[in-house]
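Participant: Pasting a structure below so you can have a look.
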Amino acid sequence: MTNRACASTYMKAGSCNEPLRFHVLSEKFVFDYMYESDGKLFLTEAFNVIMEEILHKGTDLKEKVCEWKDPDQLRALLDLDLREHGESHKQLLQRVRDVARYSVKTCHPRFFNQLFAGMDYHALTGRLLTETLNTSQYTYEVAPVFVLMEEEVLCKLRSLVGWSEGDGIFCPGGSMSNMYAMNIARYWAFPQVKTQGLWTTPRMAIFTSQQSHYSMKKAAAFLGIGTDNVFIVQVDESGSMRPEDLEAKIVQAKSQDAVPFFVNATAGTTVQGAFDPLNRIAEISERNGMWMHVDAAWGGSVLFSKKHKHLVAGIERANSVTWNPHKMLLAGLQCSVVLFRDTTNLLMNCHSAKATYLFQQDKFYDTSLDTGDKSIQCGRKVDCLKLWLMWKAIGTHGLSERVEKAFALSRYLVEEMEKRENFKLVCKGRFVNVCFWFIPPSLRGKENSADYQERLSKVAPVIKERMMKRGTMMVGYQPMDGHVNFFRMVVVSPQLTTKDMDFFLDEIEELGKDL
């Protein structure tokens with residue numbers, strides 16, 4: 001009988017002698033020790049790969065933003081199958097290299113595709129520290145440092161909005177932050193909904209602009225309010241909400257026996273970077289007894305800039321604000337907050353379930369520090385450390401400079417674009433989104449042709465495919481509100497210079513010159 005078999009028999013019937021049992025246990029100890037030792041070596045070597053392939057090559061202008069492969073090719077290269085037995089140290093390191101090699105380098109200076117880009121090394125350090133400590137942000141006993149840190153960061157962000165007190169919480173992304181705001185607003189308007197459900201409430205009406213984020217409709221669907229009860233408000237040429245149409249939509253909702261309770265104003269729309277007129281929307285909200293939320297996930301960071309914070313004038317009049325520091329501030333995904341002006345503990349009262357295994361009221365410390373019951377989650381990732389460490393490193397002044405540099409570069413890009421006949425702006429924006437069409441030589445001067453719009457709509461997708469396969473840069477495109485496909489260039493990364501803006505224009509021309 002083998003030692004392992006004997007040990008198994010001993011555990012079941014006690015038929016083996018004691019020395020053999022301890023031999024098996026010591027053998028297991030040696031295996032565990034070797035596994036841990038190999039794991040630490042793997043981590044060290046994998047980190048070296050990450051440093052070289054992502055943080056060094058991934059930020060090098062000479063390297064590609066993306067090494068594009070079609071899905072079938074990529075599946076074969078990655079060997080994604082999960083098998084019965086593990087792989088060798090050498091094979092696993094190659095897996096790390098492959099993941100790094102074939103992933104999009106969002107830290108690359110010429111990644112312009114999303115509302116996040118670039119790399120802040122202090123924030124990254126915070127992310128690595130968060131992952132290594134692997135705790136949940138729900139009680140002071142398991143996350144003492146982070147409970148206090150979150151409280152401080154939220155307080156500082158609220159002060160930038162213009163509130164000396166209030167509440168807030170870090171959420172897993174701007175969509176969830178918006179959903180929190182809508183849920184709290186509904187509880188504020190109809191507190192019985194928490195215990196008695198939707199059947200005790202009237203038909204509710206939500207108002208948001210046609211260029212607002214789609215999470216408003218998702219939140220309405222998820223919360224059982226219904227997407228048909230989301231009233232879409234018209235925007236002007238720049239993408240900003242028309243207050244007069246908001247008033248008209250409120251009248252329309254009331255005529256249908258719906259109760260207006262929530263208006264969402266956007267500070268920095270996703271595509272055009274438009275800012276809704278917050279003061280005028282606040283006046284309408286107050287007059288109609290509605291909760292005013294500002295989705296400033298993208299544009300909230302202008303609050304750091306004395307030069308540009310006028311774009312969110314009136315934000316202090318809102319009841320709640322969503323803000324994503326992982327976007328313009330480069331805190332890293334994900335870092336999103338929802339802030340509340342409320343001082344009556346609405347957030348806790350709305351979401352609390354009072355689980356006694358977590359939130360005992362007879363603990364030896366101040367149980368108000370157990371903030372987990374404010375969340376609809378149980379386990380909650382620590383998202384405050386990366387922002388806190390970055391803020392500590394460069395200060396409010398450094399964050400302000402980051403915002404103002406992005407504005408300056410986007411203005412430079414627009415000025416240079418206007419000098420070239422192949423580019424046409426969709427509109428002249430107020431933020432760092434630059435929306436434009438590239439007009440290839442074959443379409444120049446043919447705006448009145450019957451097939452002009454159809455042919456123009458095909459330009460951006462072809463150029464996008466070419467740039468992805470070439471790997472030189474990434475920029476997004478979309479149709480919107482009757483406009484055929486156009487590019488949306490987003491200027492965020494502090495690594496950028498005017499040379500990158502010039503390269504961007506030259507590369508678009510090069511990729512589209514034969515269309």
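Residues in the structure tokens are numbered from 1 in each chain, the chains being A, B, ... in the order shown, and ligands are numbered from 1 in the order shown.
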Env of Arg402 (chain A): 8 Å cut, atoms = only C-alpha atoms, seq-sep filter 3 positions within chain, self excluded. Answer as a ChimeraX atom specification.

Facilitator: /A:329,398-399,405-406,494

Participant: Based on the selection just made, write N, CA, C and O atoms of those residues as a PDB file, in the first residue's frame.

Facilitator:
ATOM      1  N   LEU A 329      -8.730  61.958 -15.349  1.00  0.00           N
ATOM      2  CA  LEU A 329      -7.664  62.070 -14.352  1.00  0.00           C
ATOM      3  C   LEU A 329      -6.669  60.913 -14.407  1.00  0.00           C
ATOM      4  O   LEU A 329      -5.633  60.965 -13.746  1.00  0.00           O
ATOM      5  N   GLY A 398      -1.337  69.482  -9.799  1.00  0.00           N
ATOM      6  CA  GLY A 398      -0.953  68.577 -10.878  1.00  0.00           C
ATOM      7  C   GLY A 398      -2.151  68.054 -11.645  1.00  0.00           C
ATOM      8  O   GLY A 398      -2.109  67.916 -12.871  1.00  0.00           O
ATOM      9  N   LEU A 399      -3.243  67.763 -10.935  1.00  0.00           N
ATOM     10  CA  LEU A 399      -4.462  67.306 -11.603  1.00  0.00           C
ATOM     11  C   LEU A 399      -5.063  68.424 -12.452  1.00  0.00           C
ATOM     12  O   LEU A 399      -5.581  68.185 -13.546  1.00  0.00           O
ATOM     13  N   LYS A 405      -3.964  70.810 -19.880  1.00  0.00           N
ATOM     14  CA  LYS A 405      -3.151  70.371 -21.016  1.00  0.00           C
ATOM     15  C   LYS A 405      -4.025  69.677 -22.056  1.00  0.00           C
ATOM     16  O   LYS A 405      -3.855  69.879 -23.272  1.00  0.00           O
ATOM     17  N   ALA A 406      -4.975  68.875 -21.599  1.00  0.00           N
ATOM     18  CA  ALA A 406      -5.885  68.186 -22.524  1.00  0.00           C
ATOM     19  C   ALA A 406      -6.698  69.196 -23.328  1.00  0.00           C
ATOM     20  O   ALA A 406      -6.873  69.042 -24.549  1.00  0.00           O
ATOM     21  N   PRO A 494      -1.711  62.640 -20.695  1.00  0.00           N
ATOM     22  CA  PRO A 494      -0.711  63.693 -20.476  1.00  0.00           C
ATOM     23  C   PRO A 494       0.597  63.430 -21.214  1.00  0.00           C
ATOM     24  O   PRO A 494       1.462  64.299 -21.290  1.00  0.00           O
TER      25      PRO A 494
END

Participant: Give me, as a list of chain:residue names, all polymer residues having an atom no more than 7 Å from Lys513 (chain A), counting only C-alpha atoms and skipping those fewer than 3 positions away in the same chain.

Facilitator: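 Near Lys513 (chain A), the qualifying residues are A:Pro440, A:Pro441, A:Glu509, A:Glu510.
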
Participant: Could you take the residues named above and write them with N, CA and C atoms, as a PDB file, in the first residue's frame?

Facilitator:
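Dumped everything to part36.pdb:
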ATOM      1  N   PRO A 440     -12.344  62.323 -48.247  1.00  0.00           N
ATOM      2  CA  PRO A 440     -11.281  61.886 -49.164  1.00  0.00           C
ATOM      3  C   PRO A 440     -11.330  62.669 -50.474  1.00  0.00           C
ATOM      4  N   PRO A 441     -10.237  62.670 -51.224  1.00  0.00           N
ATOM      5  CA  PRO A 441     -10.192  63.442 -52.486  1.00  0.00           C
ATOM      6  C   PRO A 441     -11.361  63.138 -53.422  1.00  0.00           C
ATOM      7  N   GLU A 509      -4.977  61.151 -43.092  1.00  0.00           N
ATOM      8  CA  GLU A 509      -4.857  61.482 -44.520  1.00  0.00           C
ATOM      9  C   GLU A 509      -4.187  60.347 -45.290  1.00  0.00           C
ATOM     10  N   GLU A 510      -3.151  59.774 -44.719  1.00  0.00           N
ATOM     11  CA  GLU A 510      -2.429  58.687 -45.373  1.00  0.00           C
ATOM     12  C   GLU A 510      -3.335  57.456 -45.547  1.00  0.00           C
TER      13      GLU A 510
END

Participant: With only C-alpha atoms as the basis for distance, which of A:Val147, A:Met390, A:Met176, A:Met182 is at the shortest distance from Ser368 (chain A)?

Facilitator: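 Distance minimum relative to Ser368 (chain A) lands on A:Val147.
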
Participant: Please list as a list in words every residue within 12 Å of Lys57 (chain A), counting only C-alpha atoms and excluding residues in the same chain fewer than 5 positions away.

Facilitator: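 Answer for this query is Val49, Ile50, Met51, Glu52, Lys62, Glu63, Lys64, Val65, Cys66, Ala100, Arg101, Val104, Lys105, Thr106, Cys107, His108 and Pro109 of chain A.
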
Participant: Write to file, as an mmCIF file, in the first residue's frame, the residues of the selection just made, with N, CA and C atoms.

Facilitator:
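Resulting contents of selection-v1.cif:
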data_model
loop_
_atom_site.group_PDB
_atom_site.id
_atom_site.type_symbol
_atom_site.label_atom_id
_atom_site.label_comp_id
_atom_site.auth_asym_id
_atom_site.auth_seq_id
_atom_site.Cartn_x
_atom_site.Cartn_y
_atom_site.Cartn_z
ATOM 1 N N VAL A 49 7.896 40.740 -17.222
ATOM 2 C CA VAL A 49 7.278 40.742 -18.546
ATOM 3 C C VAL A 49 6.310 41.917 -18.672
ATOM 4 N N ILE A 50 5.519 42.126 -17.642
ATOM 5 C CA ILE A 50 4.562 43.242 -17.639
ATOM 6 C C ILE A 50 5.300 44.572 -17.791
ATOM 7 N N MET A 51 6.373 44.732 -17.045
ATOM 8 C CA MET A 51 7.152 45.969 -17.124
ATOM 9 C C MET A 51 7.693 46.187 -18.537
ATOM 10 N N GLU A 52 8.228 45.128 -19.133
ATOM 11 C CA GLU A 52 8.863 45.262 -20.439
ATOM 12 C C GLU A 52 7.839 45.401 -21.565
ATOM 13 N N LYS A 62 7.300 53.973 -31.071
ATOM 14 C CA LYS A 62 7.773 53.106 -32.161
ATOM 15 C C LYS A 62 7.018 51.782 -32.195
ATOM 16 N N GLU A 63 6.358 51.453 -31.102
ATOM 17 C CA GLU A 63 5.627 50.186 -31.007
ATOM 18 C C GLU A 63 4.168 50.365 -31.421
ATOM 19 N N LYS A 64 3.518 49.257 -31.725
ATOM 20 C CA LYS A 64 2.123 49.299 -32.143
ATOM 21 C C LYS A 64 1.180 49.502 -30.947
ATOM 22 N N VAL A 65 0.051 50.158 -31.232
ATOM 23 C CA VAL A 65 -1.010 50.251 -30.228
ATOM 24 C C VAL A 65 -1.668 48.887 -30.074
ATOM 25 N N CYS A 66 -1.761 48.180 -31.173
ATOM 26 C CA CYS A 66 -2.445 46.889 -31.177
ATOM 27 C C CYS A 66 -1.843 46.009 -32.259
ATOM 28 N N ALA A 100 -0.060 40.006 -23.100
ATOM 29 C CA ALA A 100 0.470 41.362 -23.248
ATOM 30 C C ALA A 100 0.620 41.740 -24.722
ATOM 31 N N ARG A 101 1.138 40.815 -25.510
ATOM 32 C CA ARG A 101 1.436 41.110 -26.924
ATOM 33 C C ARG A 101 0.177 41.415 -27.730
ATOM 34 N N VAL A 104 -4.761 45.318 -26.577
ATOM 35 C CA VAL A 104 -4.650 46.731 -26.960
ATOM 36 C C VAL A 104 -3.914 47.476 -25.862
ATOM 37 N N LYS A 105 -2.931 48.275 -26.237
ATOM 38 C CA LYS A 105 -2.155 49.041 -25.253
ATOM 39 C C LYS A 105 -2.847 50.391 -25.016
ATOM 40 N N THR A 106 -3.761 50.411 -24.067
ATOM 41 C CA THR A 106 -4.484 51.662 -23.783
ATOM 42 C C THR A 106 -3.568 52.716 -23.172
ATOM 43 N N CYS A 107 -2.379 52.299 -22.741
ATOM 44 C CA CYS A 107 -1.395 53.245 -22.203
ATOM 45 C C CYS A 107 -0.571 53.904 -23.308
ATOM 46 N N HIS A 108 -0.719 53.440 -24.540
ATOM 47 C CA HIS A 108 0.046 53.983 -25.663
ATOM 48 C C HIS A 108 -0.389 55.430 -25.928
ATOM 49 N N PRO A 109 0.555 56.322 -26.208
ATOM 50 C CA PRO A 109 0.190 57.732 -26.438
ATOM 51 C C PRO A 109 -0.810 57.929 -27.576
#

Participant: Using only C-alpha atoms, determine which residues lie at most 10 Å from Tyr140 (chain A), disregarding the query and same-chain residues fewer than 3 positions distant; provide the list as a tab-separated table (two decimals) with N, CA and C atoms, in the first residue's frame.

Facilitator:
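Writing done, so here's result-v3.tsv:
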chain	number	residue	atom	x	y	z
A	136	SER	N	-12.18	43.61	1.08
A	136	SER	CA	-13.48	44.14	0.65
A	136	SER	C	-13.80	45.39	1.45
A	137	GLN	N	-14.32	46.39	0.73
A	137	GLN	CA	-14.58	47.69	1.33
A	137	GLN	C	-15.99	47.70	1.96
A	143	ALA	N	-11.12	46.46	6.45
A	143	ALA	CA	-10.52	47.46	5.56
A	143	ALA	C	-10.35	48.79	6.28
A	144	PRO	N	-9.64	48.80	7.42
A	144	PRO	CA	-9.55	50.04	8.21
A	144	PRO	C	-8.92	51.20	7.46
A	145	VAL	N	-7.84	50.93	6.75
A	145	VAL	CA	-7.16	51.99	5.99
A	145	VAL	C	-8.07	52.55	4.92
A	146	PHE	N	-8.75	51.66	4.22
A	146	PHE	CA	-9.52	52.08	3.05
A	146	PHE	C	-10.86	52.71	3.40
A	147	VAL	N	-11.43	52.34	4.52
A	147	VAL	CA	-12.66	53.01	4.98
A	147	VAL	C	-12.36	54.49	5.26
A	148	LEU	N	-11.27	54.74	5.97
A	148	LEU	CA	-10.89	56.12	6.28
A	148	LEU	C	-10.46	56.87	5.01
A	365	TYR	N	-15.67	49.22	18.10
A	365	TYR	CA	-15.29	50.50	17.49
A	365	TYR	C	-16.56	51.19	16.99
A	366	ASP	N	-16.41	52.38	16.46
A	366	ASP	CA	-17.53	53.17	15.96
A	366	ASP	C	-18.13	52.49	14.72
A	367	THR	N	-19.30	51.91	14.85
A	367	THR	CA	-19.88	51.13	13.76
A	367	THR	C	-20.38	51.99	12.60
A	368	SER	N	-20.38	53.30	12.76
A	368	SER	CA	-20.73	54.15	11.61
A	368	SER	C	-19.65	54.06	10.53
A	369	LEU	N	-18.48	53.51	10.89
A	369	LEU	CA	-17.40	53.31	9.92
A	369	LEU	C	-17.63	52.08	9.05
A	370	ASP	N	-18.61	51.27	9.38
A	370	ASP	CA	-18.97	50.12	8.55
A	370	ASP	C	-19.93	50.60	7.46
A	371	THR	N	-19.36	51.02	6.35
A	371	THR	CA	-20.14	51.69	5.31
A	371	THR	C	-20.74	50.73	4.28
A	372	GLY	N	-20.49	49.44	4.43
A	372	GLY	CA	-20.89	48.48	3.41
A	372	GLY	C	-22.38	48.42	3.15

Participant: May I have the residues within 9 Å of Ser175 (chain A) as a PyMOL selection string, using only C-alpha atoms and disregarding those fewer than 3 positions away in the same chain?

Facilitator: chain A and resi 171-172+178-180+213-216+218-219+297+322

Participant: Which residues come within 8 Å of region 421-436 of chain A, counting only C-alpha atoms, excluding same-chain residues fewer than 3 positions away, as number ranges by chain?

Facilitator: A: 237-238, 268, 271-274, 406-407, 410-411, 414, 417-418, 439-441, 444, 486-492, 509

Participant: As a PyMOL selection string, list the residues of region 256-499 of chain A assigned to strand (DSSP E) by DSSP on the backbone atoms of this structure.

Facilitator: chain A and resi 259-266+291-296+320-323+336-340+423-425+433-438+474-480+483-490

Participant: Excluding same-chain residues fewer than 2 positions from Gly379 (chain A), what lies within 10 Å of it counting only C-alpha atoms, as a PyMOL selection string?

Facilitator: chain A and resi 135-138+372+375-377+381-382

Participant: Please build the interface table for region 103-192 of chain A against region 466-482 of chain A with a cut-off of 9 Å, listing for each qualifying residue the nearest atom pair and the distance in Å to one decimal; count only C-alpha atoms, order rows by chain and increasing number, and write it as a tab-separated table.

Facilitator:
residue	atom	partner	partner_atom	distance
A:His108	CA	A:Met473	CA	8.5
A:Pro109	CA	A:Met473	CA	8.5
A:Arg110	CA	A:Met473	CA	5.0
A:Phe111	CA	A:Met474	CA	5.0
A:Phe112	CA	A:Val475	CA	4.8
A:Asn113	CA	A:Val475	CA	4.1
A:Gln114	CA	A:Gly476	CA	7.2

Participant: Run DSSP on the backbone and give me the residues of region 27-238 of chain A it puts in alpha helix (DSSP H), as a PyMOL selection string.

Facilitator: chain A and resi 27-50+71-78+89-102+121-133+144-161+174-189+193-196+215-222

Participant: Quick one, how far is CA of Leu456 (chain A) from CA of Ser209 (chain A)?

Facilitator: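 Result for CA of Leu456 (chain A) versus CA of Ser209 (chain A): 27.0 Å, one decimal.
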
Participant: Please measure the separation of CA of Ala313 (chain A) and CA of Ala248 (chain A), giving the value in Å to one decimal.

Facilitator: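 Between CA of Ala313 (chain A) and CA of Ala248 (chain A) the gap works out to 23.4 Å.
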